[in-house]
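Printed here is entry-v1.pdb (PDB, C-alpha atoms and all ligand atoms):
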```
MODEL        1
ATOM      1  CA  MET M   1     -35.021   4.769 -34.918  1.00  0.00           C
ATOM      2  CA  SER M   2     -36.772   7.492 -32.940  1.00  0.00           C
ATOM      3  CA  ASN M   3     -35.075   9.863 -30.587  1.00  0.00           C
ATOM      4  CA  ASP M   4     -36.662   8.047 -27.606  1.00  0.00           C
ATOM      5  CA  GLN M   5     -35.284   4.719 -28.798  1.00  0.00           C
ATOM      6  CA  ASN M   6     -31.849   6.278 -29.320  1.00  0.00           C
ATOM      7  CA  ASN M   7     -31.881   7.749 -25.827  1.00  0.00           C
ATOM      8  CA  ALA M   8     -33.003   4.450 -24.302  1.00  0.00           C
ATOM      9  CA  SER M   9     -30.271   2.472 -26.045  1.00  0.00           C
ATOM     10  CA  ARG M  10     -27.696   5.128 -25.093  1.00  0.00           C
ATOM     11  CA  ARG M  11     -28.772   4.833 -21.437  1.00  0.00           C
ATOM     12  CA  ARG M  12     -28.495   1.021 -21.622  1.00  0.00           C
ATOM     13  CA  PHE M  13     -25.037   1.300 -23.165  1.00  0.00           C
ATOM     14  CA  LEU M  14     -23.874   3.740 -20.481  1.00  0.00           C
ATOM     15  CA  LYS M  15     -25.170   1.459 -17.688  1.00  0.00           C
ATOM     16  CA  VAL M  16     -23.335  -1.553 -19.131  1.00  0.00           C
ATOM     17  CA  ALA M  17     -20.167   0.479 -19.714  1.00  0.00           C
ATOM     18  CA  ALA M  18     -20.267   1.855 -16.153  1.00  0.00           C
ATOM     19  CA  GLY M  19     -20.771  -1.633 -14.749  1.00  0.00           C
ATOM     20  CA  ALA M  20     -17.886  -3.023 -16.776  1.00  0.00           C
ATOM     21  CA  ALA M  21     -15.608  -0.163 -15.729  1.00  0.00           C
ATOM     22  CA  GLY M  22     -16.542  -0.701 -12.076  1.00  0.00           C
ATOM     23  CA  ALA M  23     -15.844  -4.422 -12.327  1.00  0.00           C
ATOM     24  CA  ALA M  24     -12.489  -3.787 -14.001  1.00  0.00           C
ATOM     25  CA  ALA M  25     -11.512  -1.304 -11.289  1.00  0.00           C
ATOM     26  CA  LEU M  26     -12.496  -3.793  -8.590  1.00  0.00           C
ATOM     27  CA  ALA M  27     -10.563  -6.590 -10.289  1.00  0.00           C
ATOM     28  CA  ALA M  28      -7.491  -4.367 -10.411  1.00  0.00           C
ATOM     29  CA  VAL M  29      -7.662  -3.691  -6.659  1.00  0.00           C
ATOM     30  CA  LEU M  30      -8.694  -7.083  -5.291  1.00  0.00           C
ATOM     31  CA  PRO M  31      -5.711  -9.190  -6.362  1.00  0.00           C
ATOM     32  CA  ARG M  32      -3.318  -6.657  -4.849  1.00  0.00           C
ATOM     33  CA  THR M  33      -5.155  -6.773  -1.530  1.00  0.00           C
ATOM     34  CA  ALA M  34      -5.492 -10.540  -1.596  1.00  0.00           C
ATOM     35  CA  ASN M  35      -1.812 -11.022  -2.429  1.00  0.00           C
ATOM     36  CA  ALA M  36      -0.434  -8.510   0.070  1.00  0.00           C
ATOM     37  CA  GLN M  37       0.308 -11.281   2.578  1.00  0.00           C
ATOM     38  CA  ALA M  38       1.912 -13.386  -0.166  1.00  0.00           C
ATOM     39  CA  LEU M  39       4.490 -10.760  -1.126  1.00  0.00           C
ATOM     40  CA  PRO M  40       8.099 -11.659  -0.300  1.00  0.00           C
ATOM     41  CA  HIS M  41       9.305  -9.934   2.837  1.00  0.00           C
ATOM     42  CA  LEU M  42      11.644  -6.998   2.352  1.00  0.00           C
ATOM     43  CA  ALA M  43      15.095  -7.995   3.584  1.00  0.00           C
ATOM     44  CA  PRO M  44      16.947  -5.332   5.594  1.00  0.00           C
ATOM     45  CA  THR M  45      19.970  -6.306   3.469  1.00  0.00           C
ATOM     46  CA  ASP M  46      18.173  -5.308   0.253  1.00  0.00           C
ATOM     47  CA  PRO M  47      20.093  -2.298  -1.187  1.00  0.00           C
ATOM     48  CA  ALA M  48      16.959  -0.101  -1.312  1.00  0.00           C
ATOM     49  CA  ALA M  49      16.046  -1.118   2.244  1.00  0.00           C
ATOM     50  CA  LYS M  50      19.606  -0.431   3.437  1.00  0.00           C
ATOM     51  CA  ALA M  51      19.562   2.991   1.810  1.00  0.00           C
ATOM     52  CA  LEU M  52      16.552   3.930   3.939  1.00  0.00           C
ATOM     53  CA  GLY M  53      17.777   2.157   7.087  1.00  0.00           C
ATOM     54  CA  TYR M  54      14.881  -0.329   7.082  1.00  0.00           C
ATOM     55  CA  VAL M  55      14.732  -2.678  10.068  1.00  0.00           C
ATOM     56  CA  GLU M  56      12.176  -5.371  10.876  1.00  0.00           C
ATOM     57  CA  ASP M  57      11.898  -4.173  14.466  1.00  0.00           C
ATOM     58  CA  THR M  58      11.575  -0.469  15.259  1.00  0.00           C
ATOM     59  CA  THR M  59      13.202  -1.051  18.680  1.00  0.00           C
ATOM     60  CA  LYS M  60      16.433  -1.981  16.851  1.00  0.00           C
ATOM     61  CA  VAL M  61      16.853   1.342  15.034  1.00  0.00           C
ATOM     62  CA  ASP M  62      20.293   2.899  15.359  1.00  0.00           C
ATOM     63  CA  GLN M  63      19.148   5.990  17.261  1.00  0.00           C
ATOM     64  CA  ALA M  64      22.528   7.704  16.871  1.00  0.00           C
ATOM     65  CA  LYS M  65      22.262   7.410  13.100  1.00  0.00           C
ATOM     66  CA  TYR M  66      18.538   8.171  12.843  1.00  0.00           C
ATOM     67  CA  ALA M  67      17.882  10.845  15.443  1.00  0.00           C
ATOM     68  CA  ASN M  68      14.444  11.541  13.946  1.00  0.00           C
ATOM     69  CA  HIS M  69      13.252   8.035  14.888  1.00  0.00           C
ATOM     70  CA  LYS M  70      10.636   7.918  17.627  1.00  0.00           C
ATOM     71  CA  ALA M  71       9.979   4.779  19.663  1.00  0.00           C
ATOM     72  CA  THR M  72       6.308   4.883  18.678  1.00  0.00           C
ATOM     73  CA  ASP M  73       7.070   4.993  14.934  1.00  0.00           C
ATOM     74  CA  ASN M  74       6.569   1.779  13.000  1.00  0.00           C
ATOM     75  CA  CYS M  75       5.403   0.674   9.576  1.00  0.00           C
ATOM     76  CA  ALA M  76       1.848   0.033  10.804  1.00  0.00           C
ATOM     77  CA  ASN M  77       1.395   3.727  11.616  1.00  0.00           C
ATOM     78  CA  CYS M  78       3.174   5.007   8.495  1.00  0.00           C
ATOM     79  CA  LYS M  79       1.135   6.479   5.668  1.00  0.00           C
ATOM     80  CA  PHE M  80       3.009   4.352   3.116  1.00  0.00           C
ATOM     81  CA  PHE M  81       1.954   1.054   4.770  1.00  0.00           C
ATOM     82  CA  GLN M  82      -0.698  -0.686   2.674  1.00  0.00           C
ATOM     83  CA  GLY M  83      -1.959  -3.134   5.263  1.00  0.00           C
ATOM     84  CA  LYS M  84      -4.905  -2.980   7.571  1.00  0.00           C
ATOM     85  CA  PRO M  85      -4.755  -2.954  11.374  1.00  0.00           C
ATOM     86  CA  GLY M  86      -3.523  -6.318  12.627  1.00  0.00           C
ATOM     87  CA  ASP M  87      -1.591  -7.280   9.478  1.00  0.00           C
ATOM     88  CA  ALA M  88       1.860  -8.541  10.457  1.00  0.00           C
ATOM     89  CA  TYR M  89       3.262  -7.735   7.011  1.00  0.00           C
ATOM     90  CA  ALA M  90       1.924  -5.697   4.111  1.00  0.00           C
ATOM     91  CA  GLY M  91       3.065  -3.811   1.079  1.00  0.00           C
ATOM     92  CA  CYS M  92       4.741  -0.418   1.292  1.00  0.00           C
ATOM     93  CA  GLN M  93       4.441   2.201  -1.413  1.00  0.00           C
ATOM     94  CA  LEU M  94       8.195   2.781  -1.259  1.00  0.00           C
ATOM     95  CA  PHE M  95       9.120  -0.873  -1.778  1.00  0.00           C
ATOM     96  CA  PRO M  96       6.850  -2.165  -4.562  1.00  0.00           C
ATOM     97  CA  GLY M  97       6.488  -5.933  -4.723  1.00  0.00           C
ATOM     98  CA  LYS M  98       7.731  -6.450  -1.158  1.00  0.00           C
ATOM     99  CA  ALA M  99       6.026  -6.707   2.210  1.00  0.00           C
ATOM    100  CA  VAL M 100       7.356  -4.825   5.202  1.00  0.00           C
ATOM    101  CA  ASN M 101       6.984  -5.780   8.846  1.00  0.00           C
ATOM    102  CA  ALA M 102       4.209  -3.875  10.655  1.00  0.00           C
ATOM    103  CA  LYS M 103       6.683  -3.507  13.550  1.00  0.00           C
ATOM    104  CA  GLY M 104       9.450  -2.333  11.218  1.00  0.00           C
ATOM    105  CA  TRP M 105      10.676   1.139  10.376  1.00  0.00           C
ATOM    106  CA  CYS M 106      12.687   3.075   7.822  1.00  0.00           C
ATOM    107  CA  SER M 107      13.900   6.655   7.612  1.00  0.00           C
ATOM    108  CA  ALA M 108      11.087   7.566   5.180  1.00  0.00           C
ATOM    109  CA  HIS M 109       8.495   6.950   7.905  1.00  0.00           C
ATOM    110  CA  ALA M 110       5.678   9.495   7.738  1.00  0.00           C
ATOM    111  CA  ALA M 111       2.962   9.281  10.343  1.00  0.00           C
ATOM    112  CA  LYS M 112      -0.552   8.623   9.096  1.00  0.00           C
ATOM    113  CA  ALA M 113      -2.691  11.739   9.280  1.00  0.00           C
TER
HETATM  114 FE1  LIG K 201       7.709   1.141   6.871  1.00  0.00          FE
HETATM  115 FE2  LIG K 201       6.810   3.534   6.132  1.00  0.00          FE
HETATM  116 FE3  LIG K 201       9.355   2.904   5.730  1.00  0.00          FE
HETATM  117 FE4  LIG K 201       7.444   1.740   4.277  1.00  0.00          FE
HETATM  118  S1  LIG K 201       7.998   3.928   4.288  1.00  0.00           S
HETATM  119  S2  LIG K 201       9.199   0.719   5.244  1.00  0.00           S
HETATM  120  S3  LIG K 201       5.802   1.563   5.781  1.00  0.00           S
HETATM  121  S4  LIG K 201       8.336   3.120   7.738  1.00  0.00           S
ENDMDL
END
```
Could you quickly redo this structure as structure tokens?
Amino acid sequence: MSNDQNNASRRRFLKVAAGAAGAAALAAVLPRTANAQALPHLAPTDPAAKALGYVEDTTKVDQAKYANHKATDNCANCKFFQGKPGDAYAGCQLFPGKAVNAKGWCSAHAAKA
């Protein structure tokens, strides 16, 4: 096999490998996005949720207990929220496998940049 043939087959291999890697990466992301709405909702009674003071409605936050809470804070504008604008529920990086209410809040809220 000549050097040109070797280079050509190496290029073909790299193209196929790159395509396969891209497809695998896409497959890993798509199901998570597609299933975000299907995740069970995080219950405020869940021990992890309770520990962070999670509520389904940011207007119901105990302001005396969580003085850092602002009326405009909610899950939809938190950097840990994994939904897109308009999603009623979506995953949260702090509560894997659960969906949080876009209108909810917890004490780990961090405003999106
Ligand atoms: Fe909502 Fe952010 Fe708390 Fe997750 S970390 S529950 S998105 S406020």
**Message:** For a test of reading the model, state the distance in Å between CA of Pro44 (chain M) and CA of Gly97 (chain M), rounded to one decimal.
**Reply:** 14.7 Å
**Request:** Specify as JSON, numbers by chain each residue included when the PyMOL selection byres (((chain M and resi 108) around 9) and not hetatm) is applied to this file.
**Result:** {"M": [52, 53, 54, 78, 80, 94, 105, 106, 107, 109, 110]}
**One-decimal distance in Å that lies between CA of Ala48 (chain M) and CA of Pro85 (chain M)** = 25.3 Å
**Item:** Residue among M:Gly83, M:Gly104, M:Pro40, M:Pro47 lying closest to ligand LIG 201 (chain K), counting all atoms listed in the file
**Value:** M:Gly104
Please identify every residue of chain M that has at least one atom no farther than 12 Å from an atom of ligand LIG 201 (chain K), counting all atoms listed in the file, and for each give the shortest atom pair and the distance in Å to one decimal, arranged by chain then increasing number, as CSV.
```
residue,atom,partner,partner_atom,distance
M:His41,CA,K:LIG201,S2,10.9
M:Leu42,CA,K:LIG201,S2,8.6
M:Ala43,CA,K:LIG201,S2,10.7
M:Pro44,CA,K:LIG201,S2,9.8
M:Asp46,CA,K:LIG201,S2,11.9
M:Ala48,CA,K:LIG201,S2,10.2
M:Ala49,CA,K:LIG201,S2,7.7
M:Lys50,CA,K:LIG201,S2,10.6
M:Ala51,CA,K:LIG201,FE3,10.9
M:Leu52,CA,K:LIG201,FE3,7.5
M:Gly53,CA,K:LIG201,FE3,8.6
M:Tyr54,CA,K:LIG201,S2,6.1
M:Val55,CA,K:LIG201,S2,8.1
M:Glu56,CA,K:LIG201,S2,8.8
M:Asp57,CA,K:LIG201,FE1,10.2
M:Thr58,CA,K:LIG201,S4,8.9
M:Val61,CA,K:LIG201,S4,11.4
M:His69,CA,K:LIG201,S4,10.0
M:Lys70,CA,K:LIG201,S4,11.2
M:Thr72,CA,K:LIG201,S4,11.3
M:Asp73,CA,K:LIG201,S4,7.5
M:Asn74,CA,K:LIG201,S4,5.7
M:Cys75,CA,K:LIG201,FE1,3.6
M:Ala76,CA,K:LIG201,S3,6.6
M:Asn77,CA,K:LIG201,S3,7.6
M:Cys78,CA,K:LIG201,FE2,4.6
M:Lys79,CA,K:LIG201,FE2,6.4
M:Phe80,CA,K:LIG201,S3,4.8
M:Phe81,CA,K:LIG201,S3,4.0
M:Gln82,CA,K:LIG201,S3,7.5
M:Gly83,CA,K:LIG201,S3,9.1
M:Lys84,CA,K:LIG201,S3,11.8
M:Ala88,CA,K:LIG201,S3,11.8
M:Tyr89,CA,K:LIG201,S3,9.7
M:Ala90,CA,K:LIG201,S3,8.4
M:Gly91,CA,K:LIG201,S3,7.6
M:Cys92,CA,K:LIG201,FE4,4.6
M:Gln93,CA,K:LIG201,FE4,6.5
M:Leu94,CA,K:LIG201,S1,5.7
M:Phe95,CA,K:LIG201,FE4,6.8
M:Pro96,CA,K:LIG201,FE4,9.7
M:Gly97,CA,K:LIG201,FE4,11.9
M:Lys98,CA,K:LIG201,S2,9.7
M:Ala99,CA,K:LIG201,S2,8.6
M:Val100,CA,K:LIG201,S2,5.8
M:Asn101,CA,K:LIG201,FE1,7.2
M:Ala102,CA,K:LIG201,FE1,7.2
M:Lys103,CA,K:LIG201,FE1,8.2
M:Gly104,CA,K:LIG201,FE1,5.8
M:Trp105,CA,K:LIG201,S4,4.0
M:Cys106,CA,K:LIG201,FE3,3.9
M:Ser107,CA,K:LIG201,FE3,6.2
M:Ala108,CA,K:LIG201,S1,4.9
M:His109,CA,K:LIG201,S4,3.8
M:Ala110,CA,K:LIG201,FE2,6.3
M:Ala111,CA,K:LIG201,FE2,8.1
M:Lys112,CA,K:LIG201,FE2,9.4
```
Please, could you write that set of residues out with C-alpha atoms as a PDB file, keeping the file's coordinate frame?
```pdb
ATOM      1  CA  HIS M  41       9.305  -9.934   2.837  1.00  0.00           C
ATOM      2  CA  LEU M  42      11.644  -6.998   2.352  1.00  0.00           C
ATOM      3  CA  ALA M  43      15.095  -7.995   3.584  1.00  0.00           C
ATOM      4  CA  PRO M  44      16.947  -5.332   5.594  1.00  0.00           C
ATOM      5  CA  ASP M  46      18.173  -5.308   0.253  1.00  0.00           C
ATOM      6  CA  ALA M  48      16.959  -0.101  -1.312  1.00  0.00           C
ATOM      7  CA  ALA M  49      16.046  -1.118   2.244  1.00  0.00           C
ATOM      8  CA  LYS M  50      19.606  -0.431   3.437  1.00  0.00           C
ATOM      9  CA  ALA M  51      19.562   2.991   1.810  1.00  0.00           C
ATOM     10  CA  LEU M  52      16.552   3.930   3.939  1.00  0.00           C
ATOM     11  CA  GLY M  53      17.777   2.157   7.087  1.00  0.00           C
ATOM     12  CA  TYR M  54      14.881  -0.329   7.082  1.00  0.00           C
ATOM     13  CA  VAL M  55      14.732  -2.678  10.068  1.00  0.00           C
ATOM     14  CA  GLU M  56      12.176  -5.371  10.876  1.00  0.00           C
ATOM     15  CA  ASP M  57      11.898  -4.173  14.466  1.00  0.00           C
ATOM     16  CA  THR M  58      11.575  -0.469  15.259  1.00  0.00           C
ATOM     17  CA  VAL M  61      16.853   1.342  15.034  1.00  0.00           C
ATOM     18  CA  HIS M  69      13.252   8.035  14.888  1.00  0.00           C
ATOM     19  CA  LYS M  70      10.636   7.918  17.627  1.00  0.00           C
ATOM     20  CA  THR M  72       6.308   4.883  18.678  1.00  0.00           C
ATOM     21  CA  ASP M  73       7.070   4.993  14.934  1.00  0.00           C
ATOM     22  CA  ASN M  74       6.569   1.779  13.000  1.00  0.00           C
ATOM     23  CA  CYS M  75       5.403   0.674   9.576  1.00  0.00           C
ATOM     24  CA  ALA M  76       1.848   0.033  10.804  1.00  0.00           C
ATOM     25  CA  ASN M  77       1.395   3.727  11.616  1.00  0.00           C
ATOM     26  CA  CYS M  78       3.174   5.007   8.495  1.00  0.00           C
ATOM     27  CA  LYS M  79       1.135   6.479   5.668  1.00  0.00           C
ATOM     28  CA  PHE M  80       3.009   4.352   3.116  1.00  0.00           C
ATOM     29  CA  PHE M  81       1.954   1.054   4.770  1.00  0.00           C
ATOM     30  CA  GLN M  82      -0.698  -0.686   2.674  1.00  0.00           C
ATOM     31  CA  GLY M  83      -1.959  -3.134   5.263  1.00  0.00           C
ATOM     32  CA  LYS M  84      -4.905  -2.980   7.571  1.00  0.00           C
ATOM     33  CA  ALA M  88       1.860  -8.541  10.457  1.00  0.00           C
ATOM     34  CA  TYR M  89       3.262  -7.735   7.011  1.00  0.00           C
ATOM     35  CA  ALA M  90       1.924  -5.697   4.111  1.00  0.00           C
ATOM     36  CA  GLY M  91       3.065  -3.811   1.079  1.00  0.00           C
ATOM     37  CA  CYS M  92       4.741  -0.418   1.292  1.00  0.00           C
ATOM     38  CA  GLN M  93       4.441   2.201  -1.413  1.00  0.00           C
ATOM     39  CA  LEU M  94       8.195   2.781  -1.259  1.00  0.00           C
ATOM     40  CA  PHE M  95       9.120  -0.873  -1.778  1.00  0.00           C
ATOM     41  CA  PRO M  96       6.850  -2.165  -4.562  1.00  0.00           C
ATOM     42  CA  GLY M  97       6.488  -5.933  -4.723  1.00  0.00           C
ATOM     43  CA  LYS M  98       7.731  -6.450  -1.158  1.00  0.00           C
ATOM     44  CA  ALA M  99       6.026  -6.707   2.210  1.00  0.00           C
ATOM     45  CA  VAL M 100       7.356  -4.825   5.202  1.00  0.00           C
ATOM     46  CA  ASN M 101       6.984  -5.780   8.846  1.00  0.00           C
ATOM     47  CA  ALA M 102       4.209  -3.875  10.655  1.00  0.00           C
ATOM     48  CA  LYS M 103       6.683  -3.507  13.550  1.00  0.00           C
ATOM     49  CA  GLY M 104       9.450  -2.333  11.218  1.00  0.00           C
ATOM     50  CA  TRP M 105      10.676   1.139  10.376  1.00  0.00           C
ATOM     51  CA  CYS M 106      12.687   3.075   7.822  1.00  0.00           C
ATOM     52  CA  SER M 107      13.900   6.655   7.612  1.00  0.00           C
ATOM     53  CA  ALA M 108      11.087   7.566   5.180  1.00  0.00           C
ATOM     54  CA  HIS M 109       8.495   6.950   7.905  1.00  0.00           C
ATOM     55  CA  ALA M 110       5.678   9.495   7.738  1.00  0.00           C
ATOM     56  CA  ALA M 111       2.962   9.281  10.343  1.00  0.00           C
ATOM     57  CA  LYS M 112      -0.552   8.623   9.096  1.00  0.00           C
TER      58      LYS M 112
END
```
Report, as JSON, the centre and edge lengths in Å (one decimal) of the axis-aligned box enclosing every listed atom of region 88-105 of chain M, padded by 6 Å on each side.
```
{"center_x": 6.3, "center_y": -2.9, "center_z": 4.4, "size_x": 20.8, "size_y": 23.3, "size_z": 30.3}
```
